[in-house]
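Shown next, in structure tokens, is the structure this report addresses.
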Amino acid sequence: MDEFKKDAVKIASKTVPNISDSMIEIPKDTALGDLALPCFLFSKELKKSPNEIAKLIADNSQPSDLIDKIIATGPYVNFFIKKAKFAERILTEVAKLKQIYGKSLMGKGKTIVVEFSQPNTNKPQHVGHVRNDVLGAAISAVLDFSSYKAIKANIINDRGIHICKSMLAYQKWGENREPDKKPDHFVGDFYVLFNNNAKENPEIEEEAYEMLRLWEAGDKDIRALWKKMNNWVLKGFDETYDRLGTKFDVIQYESELYEKGRKIVEEGFEKGLLKKNAEGAIYAELEDLGVPDKVVLRADGTAIYVTQDIYLAKLRYEQYNFDRAIYVVGSEQNLYFRQLFAIMKRLGFEFSDRLYHKSYGMVNLPEGKMKSREGTVVDADDIITEMFTLAREEIMARYSDLTENEVNKRANAIGIGAIKFFMLKQDSVKDILFDPKESISFEGETGPYVQYSYARICSILKKYGKPVSESADFSLLSTAQEQNLVKTLSEFDIHVEDAAKNLDPSKVAHYLIKLSQAFNEFYHACPVLTEEQELKKARILLIYCVRQVLANGLNLLGIEMLEEM
RNA sequence: GGGCCUGUAGCCUAGCCUGGAUAGGGCGACAGCCUUCUAAGCUCUGCAAAGAGAGCUGUAGAUCGAGGGUUCGAAUCCCUUCAGGCCCGCCA
């Protein structure tokens with residue numbers, strides 16, 4: 001499109017000086033034109049109304065190689081591009097670049113660490129984690145596609161008071177049993193048990209703290225129990241990650257970092273950068289940086305979450321020399337991250353301004369807020385299973401001759417695709433209401449809708465049965481639906497760039513809906529296989545390109561494609 | 001009490017950063033359509049009833065939370081205000 005913009009600028013420049021590419025807009029409605037120049041800005045200088053100026057420019061302009069006609073509409077000069085030329089440019093490019101169509105060089109040579117997931121090993125992951133996992137993976141994929149080197153980093157929160165609570169409950173009431181269900185769920189039950197019990201017996205809270213002290217002191221029995229239960233949970237997590245297709249480049253464990261965090265804190269205190277309060281806890285004074293003070297080491301010397309986070313940031317910088325480190329964490333921790341970043345600044349780490357908190361809204365349920373302590377959460381595994389089952393039923397209702405294997409493969413792609421798309425399609429700052437029964441439908445703006453469009457194209461291409469030709473008579477693509485499809489294809493890179501700049505995969509999701517809609521409108525208006533030779537050839541190339549771009553977009557969101565649904 | 005975020009049709013949502021042409025989608029409702037999906041079968045390089053649909057079209061539905069300001073022009077920028085969410089732990 002840039003080429004066409006430049007031409008429009010060139011044409012208009014004959015009448016009005018100092019026009020830049022960036023002044024050219026794309027009209028909301030294609031009926032108005034393909035490119036537009038608003039004339040408000042020239043009004044003052046030329047002492048004429050925008051409408052007059054627009055008319056002047058239009059009257060004074062001649063069509064070119066790329067531009068077909070120039071018309072003034074109100075205060076706008078609208079350019080109509082030569083559709084065949086445009087289709088030729090776009091379709092040839094897609095067919096040539098294939099899976100790298102839309103890729104930009106924005107982040108060439110730059111490294112970004114993307115931390116996400118951060119599970120706690122005292123309980124299974126819930127639906128909120130699914131949003132995190134899916135968002136983190138998609139952001140990483142979008143950055144990769146924009147030529148950044150994205151490092152997917154997971155930090156397992158495998159130590160701390162909450163872990164001890166599950167452990168204590170198991171010690172008291174677990175009778176040394178082995179897991180009789182998915183092991184992370186088994187452990188999570190003891191966390192709930194602890195909290196239920198603590199309501200009547202608050203003294204067990206103190207017991208948990210005692211256990212944490214023993215743990216930090218390296219008590220053999222406690223460490224053995226900890227190891228055993230953590231391994232159970234981690235095994236359960238692996239299964240969940242596997243189902244979601246979540247992968248990491250690096251996994252770190254809080255238990256291996258906190259000691260070094262404590263060292264940094266103690267050094268910071270000796271240097272006078274950190275203070276000690278009356279009880280003996282070390283804290284950072286941050287008022288001058290616009291955030292409340294924050295304790296970084298308990299009075300009894302045990303570490304808290306931020307202790308290891310300080311070291312982890314430093315470690316990552318040493319390891320990767322990152323240009324940015326992004327923390328994908330829920331909005332309830334907005335203040336925490338402002339404090340963490342301020343602490344890093346206080347401690348004199350020059351990279352502190354490269355740290356960024358990618359905040360996202362909560363996942364709510366119709367019944368209200370989830371509380372893991374009370375066990376009122378919807379587990380990630382349950383929702384995955386529910387969507388899989390739902391997809392399976394839909395497939396079974398349509399086909400009866402598929403192998404069990406094939407049904408499961410499709411159900412998996414569709415069910416997981418639906419969850420991912422649902423989690424990614426809206427602005428991440430907003431809370432979402434997740435009604436397991438109603439929220440995810442397969443109709444409307446959904447993952448399956450996009451997958452279905454992809455499958456439809458596969459079906460046509462399969463029936464066509466011949467190799468797709470990269471050349472065609474592009475002037476035959478003359479209907480509104482075809483031209484709209486071409487135009488939509490040309491916009492892919494803009495949306496990917498937007499997604500990368502804003503760390504916002506929802507831009508890609510919206511684009512895929514738009515492209516799918518454009519395709520389905522085309523599908524109904526324009527037959528492919530029954531057309532005469534030349535037109536068929538052109539349309540085949542067109543849908544082949546659509547399929548490619550759908551694939552490229554779905555890949556960014558981590559959603560699988562199916563040749564048949 | 002303070003800080004941060006959100007408010008767009010019955011419901012969900014895009015647009016807000018970077019102000020411009022009638023606020024774009026989706027669900028649900030109503031009225032239609034269907035040729036590529038699945039297809040029994042047939043006079044079988046083709047034609048296909050019917051079905052399904054996660055397909056398409058149209059209709060109705062919006063004081064862009066409210067008020068004020070800036071501007072030629074405000075959903076978009078600024079101020080005030082109301083409502084909701086989150087946070088203000090030596091939890092994570």
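Chains: A, B, ... in order of the structure tokens. Residues: from 1 per chain. Ligands: from 1, in order shown.
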Backbone DSSP call of strand (DSSP E) for stretch 164-329 of chain A, listed as a list in words: Val250, Ile251, Gln252, Tyr253, Lys275, Lys276, Ile282, Tyr283, Ala284, Lys294, Val295, Val296, Leu297, Arg324, Ala325, Ile326, Tyr327, Val328 and Val329 of chain A
Within 12 Å of chain A: residues of chain B, using only C-alpha atoms (C1' of nucleotides), as a PyMOL selection string: chain B and resi 2-7+11-15+17-18+20-28+33-39+46+51-57+72-73+84-92
DSSP alpha helix (DSSP H) residues within stretch 250-492 of chain A, as an MDAnalysis selection string: chainID A and resid 258:270 305:320 334:346 380:398 404:424 447:464 480:490 492
Residues from the last selection, C-alpha atoms, saved as an mmCIF file, in the first residue's frame:
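Full text of selection36.cif as output:
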```cif
data_model
loop_
_atom_site.group_PDB
_atom_site.id
_atom_site.type_symbol
_atom_site.label_atom_id
_atom_site.label_comp_id
_atom_site.auth_asym_id
_atom_site.auth_seq_id
_atom_site.Cartn_x
_atom_site.Cartn_y
_atom_site.Cartn_z
ATOM 1 C CA TYR A 258 16.184 -16.281 47.205
ATOM 2 C CA GLU A 259 19.519 -16.736 48.999
ATOM 3 C CA LYS A 260 21.261 -14.551 46.479
ATOM 4 C CA GLY A 261 18.404 -12.094 46.715
ATOM 5 C CA ARG A 262 19.006 -11.891 50.422
ATOM 6 C CA LYS A 263 22.652 -11.147 49.755
ATOM 7 C CA ILE A 264 21.820 -8.222 47.499
ATOM 8 C CA VAL A 265 19.438 -6.894 50.108
ATOM 9 C CA GLU A 266 22.031 -7.162 52.853
ATOM 10 C CA GLU A 267 24.620 -5.421 50.698
ATOM 11 C CA GLY A 268 22.106 -2.734 49.916
ATOM 12 C CA PHE A 269 21.532 -2.236 53.615
ATOM 13 C CA GLU A 270 25.280 -1.986 54.297
ATOM 14 C CA TYR A 305 8.734 -12.868 47.164
ATOM 15 C CA VAL A 306 10.373 -9.587 46.280
ATOM 16 C CA THR A 307 13.688 -10.758 47.740
ATOM 17 C CA GLN A 308 14.250 -13.252 44.984
ATOM 18 C CA ASP A 309 12.642 -11.033 42.326
ATOM 19 C CA ILE A 310 15.414 -8.495 42.902
ATOM 20 C CA TYR A 311 18.066 -11.085 42.221
ATOM 21 C CA LEU A 312 16.160 -12.635 39.331
ATOM 22 C CA ALA A 313 16.032 -9.329 37.457
ATOM 23 C CA LYS A 314 19.765 -8.861 37.936
ATOM 24 C CA LEU A 315 20.505 -12.440 36.906
ATOM 25 C CA ARG A 316 18.483 -12.104 33.736
ATOM 26 C CA TYR A 317 20.216 -8.919 32.797
ATOM 27 C CA GLU A 318 23.570 -10.612 33.219
ATOM 28 C CA GLN A 319 22.421 -13.605 31.224
ATOM 29 C CA TYR A 320 20.641 -11.910 28.360
ATOM 30 C CA ASN A 334 0.296 -3.202 39.701
ATOM 31 C CA LEU A 335 1.593 -1.591 42.856
ATOM 32 C CA TYR A 336 3.967 -4.447 43.586
ATOM 33 C CA PHE A 337 5.743 -3.970 40.282
ATOM 34 C CA ARG A 338 5.981 -0.227 40.661
ATOM 35 C CA GLN A 339 7.669 -0.977 43.958
ATOM 36 C CA LEU A 340 9.953 -3.644 42.527
ATOM 37 C CA PHE A 341 11.113 -1.368 39.726
ATOM 38 C CA ALA A 342 11.645 1.478 42.179
ATOM 39 C CA ILE A 343 13.702 -0.810 44.433
ATOM 40 C CA MET A 344 15.871 -1.776 41.466
ATOM 41 C CA LYS A 345 16.409 1.892 40.767
ATOM 42 C CA ARG A 346 17.196 2.570 44.417
ATOM 43 C CA ALA A 380 -7.429 -24.781 34.412
ATOM 44 C CA ASP A 381 -7.606 -28.509 33.827
ATOM 45 C CA ASP A 382 -11.356 -28.572 34.352
ATOM 46 C CA ILE A 383 -12.018 -25.850 31.845
ATOM 47 C CA ILE A 384 -9.711 -27.450 29.308
ATOM 48 C CA THR A 385 -11.494 -30.757 29.727
ATOM 49 C CA GLU A 386 -14.881 -29.093 29.501
ATOM 50 C CA MET A 387 -14.012 -27.370 26.233
ATOM 51 C CA PHE A 388 -12.510 -30.536 24.837
ATOM 52 C CA THR A 389 -15.668 -32.451 25.680
ATOM 53 C CA LEU A 390 -17.878 -29.764 24.192
ATOM 54 C CA ALA A 391 -15.879 -29.775 20.961
ATOM 55 C CA ARG A 392 -15.976 -33.552 20.909
ATOM 56 C CA GLU A 393 -19.739 -33.606 21.163
ATOM 57 C CA GLU A 394 -20.036 -31.136 18.306
ATOM 58 C CA ILE A 395 -17.788 -33.241 16.129
ATOM 59 C CA MET A 396 -19.565 -36.475 16.984
ATOM 60 C CA ALA A 397 -22.860 -34.879 16.057
ATOM 61 C CA ARG A 398 -21.511 -34.149 12.591
ATOM 62 C CA GLU A 404 -11.257 -42.061 17.852
ATOM 63 C CA ASN A 405 -7.840 -40.589 17.274
ATOM 64 C CA GLU A 406 -9.048 -38.137 14.669
ATOM 65 C CA VAL A 407 -11.996 -37.038 16.791
ATOM 66 C CA ASN A 408 -9.700 -36.331 19.717
ATOM 67 C CA LYS A 409 -7.213 -34.479 17.593
ATOM 68 C CA ARG A 410 -9.921 -32.209 16.233
ATOM 69 C CA ALA A 411 -11.605 -31.773 19.587
ATOM 70 C CA ASN A 412 -8.314 -30.734 21.078
ATOM 71 C CA ALA A 413 -7.542 -28.181 18.375
ATOM 72 C CA ILE A 414 -11.044 -26.725 18.497
ATOM 73 C CA GLY A 415 -11.507 -26.757 22.272
ATOM 74 C CA ILE A 416 -8.103 -25.280 23.072
ATOM 75 C CA GLY A 417 -8.419 -22.880 20.146
ATOM 76 C CA ALA A 418 -11.704 -21.630 21.548
ATOM 77 C CA ILE A 419 -10.229 -20.988 24.987
ATOM 78 C CA LYS A 420 -7.170 -19.256 23.627
ATOM 79 C CA PHE A 421 -9.123 -17.038 21.282
ATOM 80 C CA PHE A 422 -11.561 -16.104 24.025
ATOM 81 C CA MET A 423 -8.714 -15.164 26.345
ATOM 82 C CA LEU A 424 -6.850 -13.200 23.701
ATOM 83 C CA GLY A 447 -11.426 -19.301 17.415
ATOM 84 C CA PRO A 448 -13.490 -22.031 15.764
ATOM 85 C CA TYR A 449 -14.939 -19.460 13.356
ATOM 86 C CA VAL A 450 -11.448 -18.644 12.149
ATOM 87 C CA GLN A 451 -10.475 -22.308 12.073
ATOM 88 C CA TYR A 452 -13.609 -23.070 10.090
ATOM 89 C CA SER A 453 -12.720 -20.469 7.485
ATOM 90 C CA TYR A 454 -9.312 -22.054 7.180
ATOM 91 C CA ALA A 455 -10.826 -25.523 6.775
ATOM 92 C CA ARG A 456 -13.226 -24.318 4.104
ATOM 93 C CA ILE A 457 -10.349 -23.021 2.024
ATOM 94 C CA CYS A 458 -8.473 -26.279 2.483
ATOM 95 C CA SER A 459 -11.488 -28.121 1.214
ATOM 96 C CA ILE A 460 -11.732 -26.039 -1.938
ATOM 97 C CA LEU A 461 -8.014 -26.280 -2.649
ATOM 98 C CA LYS A 462 -8.139 -30.014 -2.128
ATOM 99 C CA LYS A 463 -10.963 -30.370 -4.596
ATOM 100 C CA TYR A 464 -9.110 -28.153 -7.029
ATOM 101 C CA ALA A 480 -16.500 -5.969 -4.006
ATOM 102 C CA GLN A 481 -15.913 -9.137 -1.983
ATOM 103 C CA GLU A 482 -12.718 -10.010 -3.817
ATOM 104 C CA GLN A 483 -11.338 -6.522 -3.566
ATOM 105 C CA ASN A 484 -12.187 -6.353 0.090
ATOM 106 C CA LEU A 485 -10.330 -9.605 0.667
ATOM 107 C CA VAL A 486 -7.239 -8.310 -1.089
ATOM 108 C CA LYS A 487 -7.383 -5.128 0.917
ATOM 109 C CA THR A 488 -7.757 -7.042 4.158
ATOM 110 C CA LEU A 489 -4.802 -9.245 3.285
ATOM 111 C CA SER A 490 -2.703 -6.148 2.759
ATOM 112 C CA PHE A 492 -1.965 -7.905 8.128
#
```
Distance criterion (only C-alpha atoms): nearest to A:Ser359 out of A:Pro124, A:Gly136, A:Gly272, A:Gly465: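 The closest residue to A:Ser359 is A:Gly136.
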Between atom CA of A:Lys69 and atom CA of A:Leu41, distance in Å (one decimal): 22.6 Å
Point-to-point distance from atom CA of A:Asn195 to atom CA of A:Asn364, Å rounded to tenths: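 Separation of atom CA of A:Asn195 and atom CA of A:Asn364: 21.6 Å.
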Within 7 Å of A:Leu193 using only C-alpha atoms (C1' of nucleotides), minus same-chain residues under 4 positions, as a PyMOL selection string: chain A and resi 169+189+197
Could you save those same residues with N, CA and C atoms as a compact mmCIF listing (two decimals), in the first residue's frame?
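The result, written out as selection_11.txt:
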```txt
# COMPACT_ATOMS: atom_id res chain seq x y z
N ALA A 169 -0.44 -29.17 56.24
CA ALA A 169 -1.72 -29.88 56.23
C ALA A 169 -1.50 -31.35 55.84
N ASP A 189 -5.64 -29.70 47.45
CA ASP A 189 -6.67 -30.05 48.44
C ASP A 189 -6.16 -29.79 49.86
N ASN A 197 -9.07 -25.15 58.17
CA ASN A 197 -8.75 -25.49 59.54
C ASN A 197 -8.27 -24.27 60.32
```
For stretch 6-32 of chain A versus stretch 80-84 of chain A, which residues have an atom no more than 10 Å away, and what is each residue's nearest atom pair and distance in Å rounded to one decimal, using only C-alpha atoms, chain-then-number order, as a tab-separated table?
```
residue	atom	partner	partner_atom	distance
A:Asp7	CA	A:Ile81	CA	9.7
A:Ala8	CA	A:Ile81	CA	9.1
A:Thr30	CA	A:Phe80	CA	9.2
A:Ala31	CA	A:Phe80	CA	9.4
A:Leu32	CA	A:Phe80	CA	8.5
```
Would you write out those residues with N, CA and C atoms, as a PDB file, in the first residue's frame?
```pdb
ATOM      1  N   ASP A   7       2.279   7.554  -4.393  1.00  0.00           N
ATOM      2  CA  ASP A   7       1.760   8.066  -5.656  1.00  0.00           C
ATOM      3  C   ASP A   7       0.676   9.117  -5.410  1.00  0.00           C
ATOM      4  N   ALA A   8      -0.150   8.857  -4.413  1.00  0.00           N
ATOM      5  CA  ALA A   8      -1.211   9.807  -4.072  1.00  0.00           C
ATOM      6  C   ALA A   8      -0.602  11.127  -3.607  1.00  0.00           C
ATOM      7  N   THR A  30     -14.998   1.784   2.050  1.00  0.00           N
ATOM      8  CA  THR A  30     -14.302   1.658   0.769  1.00  0.00           C
ATOM      9  C   THR A  30     -15.054   2.351  -0.364  1.00  0.00           C
ATOM     10  N   ALA A  31     -16.344   2.547  -0.174  1.00  0.00           N
ATOM     11  CA  ALA A  31     -17.113   3.226  -1.208  1.00  0.00           C
ATOM     12  C   ALA A  31     -16.609   4.653  -1.413  1.00  0.00           C
ATOM     13  N   LEU A  32     -16.026   5.213  -0.368  1.00  0.00           N
ATOM     14  CA  LEU A  32     -15.521   6.583  -0.444  1.00  0.00           C
ATOM     15  C   LEU A  32     -14.229   6.664  -1.237  1.00  0.00           C
TER      16      LEU A  32
END
```
Separation of atom CA of A:Asp238 from atom CA of A:Ser146, in Å and rounded to one decimal: 28.6 Å
